[in-house]
Each structure stands twice: as C-alpha cells, then as structure tokens.
$ cat protein.txt   # compact mmCIF, C-alpha atoms and all ligand atoms
# COMPACT_ATOMS: atom_id res chain seq x y z
CA MET A 74 31.37 46.25 45.85
CA THR A 75 31.84 48.34 42.69
CA ALA A 76 30.95 47.15 39.19
CA ASP A 77 34.69 47.01 38.46
CA SER A 78 35.50 44.73 41.36
CA ASP A 79 32.43 42.62 40.47
CA PHE A 80 33.91 42.22 36.99
CA VAL A 81 37.26 40.92 38.35
CA ALA A 82 35.55 38.76 41.01
CA GLY A 83 33.58 37.00 38.25
CA ILE A 84 36.69 35.81 36.38
CA PRO A 85 38.04 32.41 37.52
CA LEU A 86 41.67 32.39 38.67
CA GLY A 87 44.00 29.46 37.96
CA LEU A 88 47.59 29.03 39.17
CA TYR A 89 50.39 27.80 36.90
CA VAL A 90 53.64 26.62 38.50
CA HIS A 91 56.71 26.06 36.31
CA LEU A 92 59.31 23.45 37.32
CA PRO A 93 61.96 23.90 34.62
CA TRP A 94 64.39 20.99 34.73
CA CYS A 95 64.55 17.90 32.51
CA ILE A 96 66.99 14.99 32.49
CA ARG A 97 67.86 15.78 28.88
CA LYS A 98 66.65 18.38 26.40
CA CYS A 99 64.53 16.76 23.67
CA PRO A 100 65.66 17.89 20.20
CA TYR A 101 62.21 19.21 19.21
CA CYS A 102 61.50 21.07 22.47
CA ASP A 103 61.09 24.84 22.55
CA PHE A 104 59.64 24.97 26.07
CA ASN A 105 61.50 26.68 28.88
CA SER A 106 63.22 23.48 29.98
CA HIS A 107 66.79 23.15 31.18
CA GLN A 108 68.92 20.05 31.03
CA LEU A 109 70.03 18.87 34.44
CA ARG A 110 73.60 19.67 35.40
CA GLY A 111 74.12 18.28 38.88
CA ASP A 112 71.31 18.08 41.40
CA ILE A 113 68.06 20.03 41.30
CA PRO A 114 67.89 22.51 44.22
CA HIS A 115 64.43 21.18 45.12
CA GLY A 116 63.99 22.88 48.49
CA ALA A 117 65.47 26.25 47.50
CA TYR A 118 63.37 26.37 44.32
CA ILE A 119 60.13 25.65 46.21
CA ASP A 120 61.06 28.49 48.62
CA CYS A 121 61.45 30.84 45.61
CA LEU A 122 58.09 29.72 44.19
CA LEU A 123 56.32 30.49 47.45
CA ALA A 124 58.00 33.90 47.74
CA ASP A 125 56.97 34.61 44.12
CA LEU A 126 53.35 33.71 44.92
CA GLU A 127 53.35 35.88 48.04
CA THR A 128 54.40 38.87 45.89
CA ASP A 129 51.74 38.24 43.25
CA SER A 130 48.91 37.31 45.63
CA PRO A 131 47.27 40.81 45.81
CA ALA A 132 46.38 40.38 42.10
CA ALA A 133 43.99 37.62 43.16
CA HIS A 134 41.64 40.39 44.41
CA GLY A 135 40.16 38.01 47.00
CA ARG A 136 39.39 35.18 44.55
CA GLU A 137 39.90 31.50 45.29
CA ILE A 138 42.29 29.50 43.11
CA SER A 139 40.11 27.34 40.82
CA SER A 140 42.87 25.02 39.53
CA ILE A 141 46.60 24.41 39.98
CA TYR A 142 48.79 23.13 37.15
CA MET A 143 52.41 22.10 37.74
CA GLY A 144 54.11 22.03 34.32
CA GLY A 145 57.63 21.99 33.02
CA GLY A 146 60.20 20.86 32.39
CA THR A 147 59.59 17.67 34.27
CA PRO A 148 57.76 18.32 37.57
CA SER A 149 57.96 14.60 38.43
CA LEU A 150 61.70 15.15 39.08
CA PHE A 151 60.57 16.83 42.31
CA PRO A 152 59.96 14.45 45.23
CA ALA A 153 56.41 14.22 46.55
CA ARG A 154 57.39 15.74 49.91
CA GLU A 155 58.48 18.96 48.14
CA ILE A 156 55.36 19.00 45.96
CA GLY A 157 53.39 18.58 49.20
CA ARG A 158 55.25 21.50 50.81
CA LEU A 159 54.51 23.62 47.74
CA LEU A 160 50.78 22.80 47.81
CA LYS A 161 50.61 23.50 51.53
CA GLY A 162 52.36 26.84 51.04
CA ILE A 163 49.98 27.77 48.21
CA ARG A 164 46.97 27.07 50.46
CA ALA A 165 48.53 29.15 53.25
CA CYS A 166 48.88 32.09 50.84
CA LEU A 167 45.58 31.93 48.92
CA PRO A 168 42.32 30.03 49.30
CA VAL A 169 41.94 27.06 46.94
CA GLN A 170 38.44 25.94 45.89
CA ASP A 171 37.22 22.65 47.36
CA GLY A 172 37.80 19.87 44.85
CA ALA A 173 40.01 22.04 42.61
CA GLU A 174 41.84 20.19 39.85
CA ILE A 175 45.52 19.85 40.84
CA SER A 176 47.58 18.58 37.89
CA LEU A 177 51.18 17.42 37.73
CA GLU A 178 53.07 16.83 34.49
CA ALA A 179 55.19 13.69 34.59
CA ASN A 180 57.50 11.92 32.18
CA PRO A 181 57.97 8.15 31.99
CA GLY A 182 61.42 7.26 33.27
CA THR A 183 61.38 9.99 35.93
CA ILE A 184 58.98 8.70 38.53
CA GLU A 185 61.45 6.48 40.37
CA HIS A 186 61.74 9.33 42.90
CA ASP A 187 58.21 8.66 44.03
CA SER A 188 55.36 6.57 42.79
CA PHE A 189 52.20 8.40 41.84
CA SER A 190 50.63 7.24 45.12
CA ALA A 191 52.99 9.58 46.97
CA TYR A 192 51.89 12.50 44.76
CA ALA A 193 48.24 11.55 45.32
CA ASP A 194 48.85 11.53 49.08
CA VAL A 195 49.97 15.19 49.00
CA GLY A 196 46.96 16.33 46.96
CA VAL A 197 47.69 15.79 43.25
CA ASN A 198 44.45 14.59 41.62
CA ARG A 199 45.30 14.74 37.91
CA VAL A 200 48.42 13.70 35.98
CA SER A 201 49.54 14.58 32.47
CA LEU A 202 51.93 11.90 31.23
CA GLY A 203 54.36 12.72 28.40
CA VAL A 204 54.14 9.38 26.59
CA GLN A 205 54.48 10.77 23.01
CA SER A 206 54.64 7.25 21.48
CA PHE A 207 54.52 3.61 22.57
CA ASP A 208 57.10 2.62 19.94
CA ASP A 209 60.74 2.36 21.07
CA ALA A 210 62.21 3.29 17.68
CA ARG A 211 60.00 6.38 17.35
CA LEU A 212 60.81 7.48 20.90
CA GLU A 213 64.50 7.15 20.14
CA ALA A 214 64.07 9.13 16.92
CA ILE A 215 62.66 12.09 18.88
CA GLY A 216 65.33 11.84 21.59
CA ARG A 217 63.10 10.83 24.49
CA ILE A 218 64.80 9.32 27.55
CA HIS A 219 62.14 6.63 27.90
CA GLY A 220 60.96 3.56 26.01
CA ARG A 221 57.78 1.53 25.99
CA ALA A 222 58.82 -0.33 29.18
CA GLU A 223 59.00 2.92 31.20
CA VAL A 224 55.58 3.94 29.86
CA ALA A 225 54.17 0.63 31.15
CA VAL A 226 55.75 1.23 34.61
CA SER A 227 54.23 4.73 34.77
CA LEU A 228 50.78 3.53 33.76
CA GLN A 229 50.92 0.75 36.34
CA SER A 230 51.97 3.24 39.03
CA LEU A 231 49.11 5.54 38.04
CA ARG A 232 46.57 2.72 38.28
CA ARG A 233 47.84 1.81 41.77
CA SER A 234 47.72 5.43 42.92
CA GLY A 235 43.99 5.85 42.38
CA ILE A 236 44.60 8.93 40.17
CA ASN A 237 42.03 7.95 37.57
CA ASN A 238 41.91 11.32 35.87
CA PHE A 239 44.97 11.41 33.63
CA ASN A 240 46.09 12.71 30.27
CA VAL A 241 48.35 10.97 27.79
CA ASP A 242 50.35 13.29 25.52
CA LEU A 243 50.76 11.66 22.13
CA MET A 244 52.60 12.98 19.07
CA PHE A 245 52.15 12.00 15.44
CA GLY A 246 54.04 12.74 12.22
CA LEU A 247 57.25 11.46 13.86
CA PRO A 248 60.44 10.73 11.86
CA GLY A 249 59.98 7.45 9.97
CA GLN A 250 56.48 6.91 11.40
CA THR A 251 54.08 4.91 9.26
CA HIS A 252 50.36 5.34 9.20
CA LYS A 253 49.90 2.02 10.95
CA GLN A 254 52.36 2.92 13.73
CA ALA A 255 50.56 6.20 14.41
CA LEU A 256 47.21 4.44 14.71
CA ASP A 257 48.72 1.68 16.89
CA ASP A 258 49.96 4.43 19.21
CA MET A 259 46.46 5.86 19.44
CA ARG A 260 44.95 2.43 20.15
CA ARG A 261 47.44 1.90 22.99
CA ALA A 262 46.69 5.35 24.40
CA LEU A 263 42.97 4.51 24.37
CA ASP A 264 43.67 1.14 26.07
CA SER A 265 45.72 2.88 28.80
CA GLY A 266 42.62 4.06 30.65
CA ALA A 267 43.43 7.74 30.01
CA THR A 268 40.46 10.09 30.46
CA HIS A 269 42.15 12.74 28.29
CA ILE A 270 44.44 12.54 25.25
CA SER A 271 46.40 15.47 23.81
CA HIS A 272 47.26 14.64 20.21
CA TYR A 273 49.91 16.85 18.60
CA GLN A 274 51.74 16.83 15.29
CA LEU A 275 55.53 17.08 15.63
CA THR A 276 56.56 20.46 14.27
CA ILE A 277 60.07 21.80 13.85
CA GLU A 278 60.38 24.92 15.99
CA PRO A 279 63.10 27.57 15.63
CA ASN A 280 66.09 27.37 18.00
CA THR A 281 65.80 23.64 18.61
CA ALA A 282 68.26 20.85 17.77
CA PHE A 283 65.82 19.61 15.10
CA ALA A 284 65.77 23.07 13.49
CA ALA A 285 69.57 22.91 13.16
CA SER A 286 69.49 19.35 11.82
CA PRO A 287 65.97 18.51 10.66
CA PRO A 288 64.88 14.87 10.57
CA LYS A 289 62.88 13.54 7.64
CA LEU A 290 59.22 13.73 8.57
CA PRO A 291 56.23 12.01 6.94
CA ALA A 292 54.67 13.96 4.04
CA ASN A 293 51.91 16.42 4.98
CA ASP A 294 49.21 14.28 3.32
CA SER A 295 50.29 11.32 5.35
CA SER A 296 50.26 13.27 8.64
CA TRP A 297 46.85 14.69 7.76
CA ALA A 298 45.51 11.15 7.21
CA MET A 299 47.06 9.97 10.52
CA GLN A 300 45.27 12.78 12.33
CA ALA A 301 41.93 12.16 10.64
CA GLU A 302 41.97 8.41 11.33
CA ALA A 303 43.17 8.88 14.90
CA ALA A 304 40.25 11.29 15.38
CA ALA A 305 37.85 8.58 14.20
CA LEU A 306 39.35 6.12 16.74
CA LEU A 307 38.96 8.71 19.52
CA GLU A 308 35.33 9.35 18.59
CA ASP A 309 34.55 5.62 18.46
CA ALA A 310 36.03 5.28 21.95
CA GLY A 311 33.70 7.99 23.32
CA PHE A 312 36.19 10.88 23.39
CA GLY A 313 35.11 14.34 22.28
CA GLN A 314 37.40 16.99 20.79
CA TYR A 315 36.96 20.18 22.81
CA GLU A 316 40.08 22.02 21.60
CA ILE A 317 42.39 21.82 18.58
CA SER A 318 44.64 19.15 20.15
CA ALA A 319 42.66 18.09 23.22
CA TRP A 320 40.25 15.15 23.47
CA ALA A 321 38.46 13.99 26.61
CA ARG A 322 35.91 11.54 27.89
CA PRO A 323 32.68 13.32 29.00
CA GLY A 324 33.38 15.42 32.09
CA SER A 325 37.18 15.02 31.85
CA ALA A 326 38.24 18.18 29.99
CA CYS A 327 41.17 19.90 31.72
CA ASP A 328 39.70 22.67 33.93
CA HIS A 329 42.98 24.55 34.03
CA ASN A 330 43.45 24.70 30.26
CA LEU A 331 39.76 25.46 29.70
CA ASN A 332 40.24 28.51 31.90
CA TYR A 333 43.11 29.73 29.66
CA TRP A 334 41.09 29.26 26.51
CA ARG A 335 38.01 30.93 27.97
CA TYR A 336 40.21 33.93 28.79
CA GLY A 337 40.15 33.37 32.51
CA ASP A 338 42.88 34.77 34.75
CA PHE A 339 45.92 32.91 35.98
CA LEU A 340 48.83 33.58 38.26
CA GLY A 341 52.14 32.18 37.02
CA ILE A 342 55.04 31.37 39.32
CA GLY A 343 58.43 29.86 38.51
CA ALA A 344 61.15 30.42 35.92
CA GLY A 345 59.61 31.52 32.62
CA ALA A 346 56.01 31.38 33.93
CA HIS A 347 53.44 33.79 32.48
CA ALA A 348 50.45 35.38 34.19
CA LYS A 349 47.29 37.09 32.90
CA LEU A 350 45.46 39.18 35.43
CA SER A 351 42.40 41.35 34.97
CA ALA A 352 42.35 44.60 36.89
CA PRO A 353 39.51 47.02 37.69
CA GLY A 354 39.04 49.49 34.84
CA GLY A 355 38.97 46.86 32.07
CA ARG A 356 42.75 46.47 31.95
CA VAL A 357 44.68 43.22 31.67
CA LYS A 358 48.15 42.83 33.12
CA ARG A 359 50.61 40.40 31.51
CA LEU A 360 53.58 39.23 33.56
CA ALA A 361 56.52 37.07 32.48
CA LYS A 362 59.05 35.66 34.94
CA SER A 363 62.77 35.31 34.17
CA ARG A 364 63.35 32.23 32.08
CA HIS A 365 66.65 31.01 33.45
CA PRO A 366 66.36 29.21 36.81
CA SER A 367 69.56 30.71 38.21
CA ARG A 368 68.43 34.23 37.34
CA TYR A 369 64.96 33.60 38.75
CA MET A 370 66.37 32.06 41.92
CA GLY A 371 68.91 34.89 42.19
CA GLY A 372 66.04 37.33 42.79
CA ASP A 373 65.58 38.70 39.26
CA VAL A 374 62.04 37.36 39.22
CA VAL A 375 60.05 39.52 36.80
CA ALA A 376 61.37 39.75 33.23
CA ASP A 377 58.48 41.61 31.65
CA GLU A 378 55.33 43.36 32.82
CA ARG A 379 52.85 45.23 30.67
CA GLU A 380 49.22 46.25 30.46
CA ILE A 381 46.94 45.84 27.49
CA ASP A 382 43.48 47.17 26.77
CA GLY A 383 40.81 47.60 24.07
CA ARG A 384 41.69 46.02 20.73
CA GLU A 385 44.56 43.96 22.14
CA ILE A 386 42.20 42.38 24.67
CA VAL A 387 39.71 41.58 21.88
CA PHE A 388 42.46 39.85 19.86
CA GLU A 389 43.76 37.87 22.86
CA TYR A 390 40.23 36.79 23.72
CA PHE A 391 39.53 35.40 20.25
CA LEU A 392 43.04 33.97 19.84
CA ASN A 393 42.29 31.76 22.85
CA ARG A 394 38.56 31.29 22.60
CA LEU A 395 38.52 30.18 18.95
CA ARG A 396 40.69 27.18 19.89
CA LEU A 397 37.64 25.74 21.67
CA ARG A 398 34.80 23.96 19.90
CA GLU A 399 32.16 25.39 22.25
CA ASN A 400 30.02 28.23 20.92
CA ILE A 401 31.13 31.84 21.20
CA ASN A 402 28.60 33.91 23.08
CA PRO A 403 28.35 37.66 23.59
CA GLU A 404 27.60 37.50 27.36
CA GLU A 405 30.74 35.49 28.02
CA PHE A 406 32.79 37.91 25.89
CA THR A 407 31.64 40.85 28.02
CA ALA A 408 32.03 38.95 31.30
CA ARG A 409 35.65 38.05 30.46
CA THR A 410 36.84 41.23 28.75
CA GLY A 411 34.71 43.94 30.38
CA LEU A 412 33.98 45.23 26.85
CA PRO A 413 30.62 45.53 25.08
CA TRP A 414 30.01 43.02 22.24
CA ASP A 415 30.30 45.92 19.72
CA TRP A 416 34.07 45.56 20.05
CA ALA A 417 33.87 42.06 18.54
CA LEU A 418 31.57 43.01 15.66
CA PRO A 419 34.09 43.94 12.90
CA GLY A 420 35.85 40.56 13.17
CA MET A 421 32.61 38.63 13.72
CA GLN A 422 30.92 40.15 10.68
CA THR A 423 33.88 39.26 8.44
CA ALA A 424 34.00 35.71 9.87
CA LEU A 425 30.26 35.25 9.18
CA ARG A 426 30.56 36.70 5.68
CA ARG A 427 33.46 34.38 4.85
CA GLY A 428 31.63 31.34 6.16
CA LEU A 429 34.13 30.63 8.97
CA LEU A 430 31.54 31.11 11.73
CA ALA A 431 27.76 30.61 11.68
CA SER A 432 24.92 31.67 14.00
CA ALA A 433 24.02 28.94 16.49
CA GLY A 434 21.21 29.69 18.98
CA SER A 435 22.16 32.79 20.95
CA GLY A 436 25.83 32.47 19.92
CA TYR A 437 28.13 31.46 17.09
CA SER A 438 29.89 28.23 16.16
CA HIS A 439 32.76 27.31 13.82
CA THR A 440 31.77 26.05 10.40
CA ASP A 441 33.78 23.07 9.09
CA SER A 442 36.12 25.43 7.24
CA GLY A 443 36.34 27.73 10.29
CA TRP A 444 37.51 24.75 12.32
CA ARG A 445 39.96 23.66 9.66
CA PHE A 446 41.42 27.15 9.23
CA VAL A 447 41.39 28.40 12.83
CA ASN A 448 44.51 30.52 12.19
CA ASP A 449 42.72 32.50 9.47
CA LEU A 450 39.75 32.97 11.77
CA GLN A 451 41.92 34.23 14.64
CA ALA A 452 43.69 36.66 12.28
CA LEU A 453 40.38 38.46 11.61
CA PHE A 454 40.56 39.87 15.15
CA LEU A 455 44.08 41.29 14.91
CA PRO A 456 44.22 44.84 16.29
S1 LIG A 501 60.71 16.26 28.53
FE1 LIG A 501 59.24 17.78 27.73
S2 LIG A 501 59.86 19.77 28.60
FE2 LIG A 501 61.58 18.30 28.87
S3 LIG A 501 62.92 18.68 27.12
FE3 LIG A 501 61.55 16.96 26.56
S4 LIG A 501 59.78 17.95 25.56
FE4 LIG A 501 60.92 19.56 26.62
$ encode --input "protein.txt" --output "structure tokens"
Amino acid sequence: MTADSDFVAGIPLGLYVHLPWCIRKCPYCDFNSHQLRGDIPHGAYIDCLLADLETDSPAAHGREISSIYMGGGTPSLFPAREIGRLLKGIRACLPVQDGAEISLEANPGTIEHDSFSAYADVGVNRVSLGVQSFDDARLEAIGRIHGRAEVAVSLQSLRRSGINNFNVDLMFGLPGQTHKQALDDMRRALDSGATHISHYQLTIEPNTAFAASPPKLPANDSSWAMQAEAAALLEDAGFGQYEISAWARPGSACDHNLNYWRYGDFLGIGAGAHAKLSAPGGRVKRLAKSRHPSRYMGGDVVADEREIDGREIVFEYFLNRLRLRENINPEEFTARTGLPWDWALPGMQTALRRGLLASAGSGYSHTDSGWRFVNDLQALFLP
C-alpha cells in the first residue's frame, strides 16, 4: 500500500442519503425539500439511490461505511419496507461497519405510515425528530404541519420501538415567542428522554416564504437570553455542547455529523446530496447531485463536480473543525488533509494573537471570545 492510499484509507467514510419530499414546505425552510404533489414514487426513487451509490462506490477506495444518515425532506414519508430495501442495497454495494450509526430524520405527523418499531426492525438505530416546539401556537406560526399532540404520538412510538438514541430538533426565537415559552420548550425536550438536542435560532433565509413576508421575531437580546438560559438547563441535565448547535448526553454525539465536522469523507446520494471524497495525491473531490427530484430521477444525476487542493482544503478544514468544541490538533489536521501543519500556521498565529484560540496541551482550544465569534475565527483561514 502506498502512503497516498494509506492517507485515504485512514479517513472515515460516512454515507448521506437525501429523501427530498415533505407534506408541505415550511415558510422558513431553505433545504432541498419539495412539497408533495401526488404520491411519492417510493420504489423508483430507492432504485435511483442504489444506482447512484453503485456509480460512486469506487470513491470509497475499499473503506467501510462508518455511518449512514437519511435526511430530507421528510424520510419518514418512506415506508419501512422501502427503507429496509435501501439499507440492504447499500450493504450489498459497500461494507458497513458493525454497529454503525444508522439515522433517520422524521417529522411528527408523518409516521402514520409506519411506527418507529418498523424502522428499527429494518436496521435504523437512531432517529432525529423535527419537533421544533411543543407549543401549538408557535408551531402554527412557523407553518409546521404538526402540533403538540403529534409530537406526543411520535415520542410514544419511539419509546415503544426501543430506539433509545434519538435527537430532538428544537428552535428558539420564534415569532411571538416569550422567554418563558422558549425555556418551557427546552424543559419538555429534556423530559422527552432525548439523548441529543439540536438547538437552533430561527433565521430568515433568502428565497423562503418568510424572506418575502417576514414575521416579527423576538429582539436579538431576548433570543440571546433564551439561548443562554436554555444552555444552563441543558448543562444541569447532564448534556454537553460539542458543536455550535448540538448538545448530547455523554457518548451520544452524532457520529455522522462528527465525521463532517472533523473533515471526514462522505458519499452523498439522492436529489441535492453533496459528497466530499479524498483522493490519493492530497486532492479532495466535491460532488453535488441535481436538486430537483424529477431531474435526478430522469438520469441527470450529477449537477456539479470539482476538485480542490491546498489553501481551499485548509479553509474547508477549519470552517468545519472550528464548529466543534474539541481541541484542534496538528496530527489530526495532517491525517485529514494530507498537508503539513505549516499550512495552518498563518491563520493559527493570527487567531492566537487575537485571543480567539489558546494553546491547550499538545493542541489548541477556543477562548470564550473565539467560541462566541466562531465566524470571525473561521474567516482567518480564508484562502
Ligand atoms: S419539514 Fe423540514 S425539510 Fe420539510 S419543509 Fe419543513 S423544515 Fe423543510
């Protein structure tokens, strides 16, 4: 084995699968999600996903898949038998590590197709539930299809399924939300038994219904206070913040997302999916699949393909890696980028001089202001 192939073999490989349909488009959503018009072509879409994976599989360079993440859209609109066929097809194409995390995103109000037990039976072992709020009026204000009752049904189904490792997505800074309501939401999320909570502020993104007709949001100071007090509740409950928006009980961080942020590799299949693949010679290939399902299913699979190297790799590495609280260390930088640490020095020296990073053992950690101003820190590594 050459040093080059050793380098690629040492980088974990995740698999992201995009299932792009939703019952209705939420007014704040800028994901690649498509409102249902008629029935979802479940079987035909799974066939396309497997063909897509077959084409991309040589980029695995013999590695096992370390995690599978089915995101959307609303993957729970797919029946368990089709999710099972997909997982079986993935295993027939590429080896999957024993005990690999296999996550499915689900939205309350969409699991009548199959209870979570049926997903567990076909191999799903982690669920990410798009709760967003436990308050009916707030859910209505952000255009969600579900209310508190559907959240309760989903949580009950999860408990029965034996999938104990699950994330609750929770938003704050919602239209008309008071401080007390935001903290009540966090208390309910903590009571739900979730092992992981993703806590996001609602932001108005371009090209969304909210951008065209913005709702009145709480003042910035108020949202900041909601976040700070919610963080205190999470800490008191034994959760640790390991990424800007991600909190987990010990041992329950999301393997798949950790791999993104540590600049691991990932294959991406499905409409609008992205892939990042290291290649011998210190190059990184970026692939983007066609966003529209009909285009993707019509055979126009790859929308964009390009290679990056040198300074662009350094920037991408720090853009991702600085989202994590864990220390930066030079050995990991070289193992993931194939570049000597010298490449990181200009940005690192400025970050240390400005007090955004500090030496910590054999590596470097964020200072309080580095953590508060992560965007400024990331910008120091721009090519
Ligand atoms: S359910 Fe999620 S992916 Fe679908 S439209 Fe709403 S926010 Fe977007």
$ closest_residue --input "protein.txt" --among "A:Gly443, A:Gly235, A:Pro288, A:Gly372" --to "Leu122 of chain A" --atoms "all atoms listed in the file"
A:Gly372
$ residues_near_ligand --input "protein.txt" --ligand "ligand LIG 501 (chain A)" --cutoff "9 Å" --atoms "all atoms listed in the file" --output "PDB file with C-alpha atoms, in the frame of the given file"
ATOM      1  CA  PRO A  93      61.960  23.900  34.620  1.00  0.00           C
ATOM      2  CA  TRP A  94      64.390  20.990  34.730  1.00  0.00           C
ATOM      3  CA  CYS A  95      64.550  17.900  32.510  1.00  0.00           C
ATOM      4  CA  ILE A  96      66.990  14.990  32.490  1.00  0.00           C
ATOM      5  CA  ARG A  97      67.860  15.780  28.880  1.00  0.00           C
ATOM      6  CA  LYS A  98      66.650  18.380  26.400  1.00  0.00           C
ATOM      7  CA  CYS A  99      64.530  16.760  23.670  1.00  0.00           C
ATOM      8  CA  PRO A 100      65.660  17.890  20.200  1.00  0.00           C
ATOM      9  CA  TYR A 101      62.210  19.210  19.210  1.00  0.00           C
ATOM     10  CA  CYS A 102      61.500  21.070  22.470  1.00  0.00           C
ATOM     11  CA  ASP A 103      61.090  24.840  22.550  1.00  0.00           C
ATOM     12  CA  PHE A 104      59.640  24.970  26.070  1.00  0.00           C
ATOM     13  CA  ASN A 105      61.500  26.680  28.880  1.00  0.00           C
ATOM     14  CA  SER A 106      63.220  23.480  29.980  1.00  0.00           C
ATOM     15  CA  HIS A 107      66.790  23.150  31.180  1.00  0.00           C
ATOM     16  CA  GLN A 108      68.920  20.050  31.030  1.00  0.00           C
ATOM     17  CA  GLY A 144      54.110  22.030  34.320  1.00  0.00           C
ATOM     18  CA  GLY A 145      57.630  21.990  33.020  1.00  0.00           C
ATOM     19  CA  GLY A 146      60.200  20.860  32.390  1.00  0.00           C
ATOM     20  CA  THR A 147      59.590  17.670  34.270  1.00  0.00           C
ATOM     21  CA  ALA A 179      55.190  13.690  34.590  1.00  0.00           C
ATOM     22  CA  ASN A 180      57.500  11.920  32.180  1.00  0.00           C
ATOM     23  CA  GLY A 203      54.360  12.720  28.400  1.00  0.00           C
ATOM     24  CA  GLY A 216      65.330  11.840  21.590  1.00  0.00           C
ATOM     25  CA  ARG A 217      63.100  10.830  24.490  1.00  0.00           C
ATOM     26  CA  ILE A 218      64.800   9.320  27.550  1.00  0.00           C
TER      27      ILE A 218
END
$ residues_around --input "protein.txt" --residues "Arg158 of chain A" --least-positions-apart "6" --cutoff "12 Å" --atoms "all atoms listed in the file" --output "PyMOL selection string"
chain A and resi 115-120+122-123+151-152+164-165+192+194-196
$ closest_residue --input "protein.txt" --among "A:Asn238, A:Ser130, A:Ser296, A:Ser351" --to "Pro323 of chain A" --atoms "all atoms listed in the file"
A:Asn238
$ atom_distance --input "protein.txt" --atom1 "atom CA of Ala376 of chain A" --atom2 "atom CA of Ile141 of chain A"
22.3 Å
$ decode --input "protein.txt" --residues "segment 423-430 of chain A" --atoms "all heavy atoms" --output "compact mmCIF listing (two decimals), in the first residue's frame"
# COMPACT_ATOMS: atom_id res chain seq x y z
N THR A 423 -2.53 34.20 13.72
CA THR A 423 -3.41 35.37 13.88
C THR A 423 -4.47 35.08 14.95
O THR A 423 -4.77 35.93 15.79
CB THR A 423 -4.10 35.71 12.53
OG1 THR A 423 -3.11 35.75 11.52
CG2 THR A 423 -4.83 37.03 12.59
N ALA A 424 -5.03 33.86 14.93
CA ALA A 424 -6.06 33.50 15.92
C ALA A 424 -5.49 33.57 17.34
O ALA A 424 -6.16 34.05 18.27
CB ALA A 424 -6.61 32.11 15.62
N LEU A 425 -4.24 33.11 17.52
CA LEU A 425 -3.62 33.15 18.85
C LEU A 425 -3.35 34.59 19.27
O LEU A 425 -3.62 35.00 20.40
CB LEU A 425 -2.31 32.34 18.84
CG LEU A 425 -2.47 30.82 18.71
CD1 LEU A 425 -1.15 30.15 18.35
CD2 LEU A 425 -3.01 30.22 20.01
N ARG A 426 -2.86 35.39 18.30
CA ARG A 426 -2.54 36.79 18.61
C ARG A 426 -3.79 37.57 18.99
O ARG A 426 -3.78 38.39 19.89
CB ARG A 426 -1.86 37.42 17.38
CG ARG A 426 -0.96 38.57 17.71
CD ARG A 426 -0.15 39.08 16.53
NE ARG A 426 -0.92 39.34 15.35
CZ ARG A 426 -0.82 38.66 14.20
NH1 ARG A 426 0.05 37.68 14.09
NH2 ARG A 426 -1.56 38.96 13.16
N ARG A 427 -4.91 37.24 18.33
CA ARG A 427 -6.16 37.97 18.62
C ARG A 427 -6.93 37.40 19.81
O ARG A 427 -8.03 37.85 20.12
CB ARG A 427 -7.08 37.96 17.40
CG ARG A 427 -6.50 38.76 16.26
CD ARG A 427 -7.53 39.04 15.21
NE ARG A 427 -6.92 39.63 14.05
CZ ARG A 427 -7.48 39.70 12.85
NH1 ARG A 427 -8.70 39.22 12.68
NH2 ARG A 427 -6.85 40.25 11.84
N GLY A 428 -6.38 36.36 20.41
CA GLY A 428 -7.04 35.80 21.60
C GLY A 428 -8.29 35.00 21.28
O GLY A 428 -9.17 34.84 22.13
N LEU A 429 -8.39 34.46 20.05
CA LEU A 429 -9.57 33.65 19.70
C LEU A 429 -9.31 32.16 19.94
O LEU A 429 -10.23 31.39 20.16
CB LEU A 429 -9.95 33.88 18.23
CG LEU A 429 -10.36 35.33 17.89
CD1 LEU A 429 -10.50 35.52 16.38
CD2 LEU A 429 -11.67 35.69 18.58
N LEU A 430 -8.04 31.77 19.89
CA LEU A 430 -7.61 30.42 20.25
C LEU A 430 -6.50 30.54 21.29
O LEU A 430 -5.83 31.57 21.38
CB LEU A 430 -7.08 29.65 19.03
CG LEU A 430 -8.07 29.23 17.94
CD1 LEU A 430 -7.34 28.60 16.75
CD2 LEU A 430 -9.13 28.25 18.47
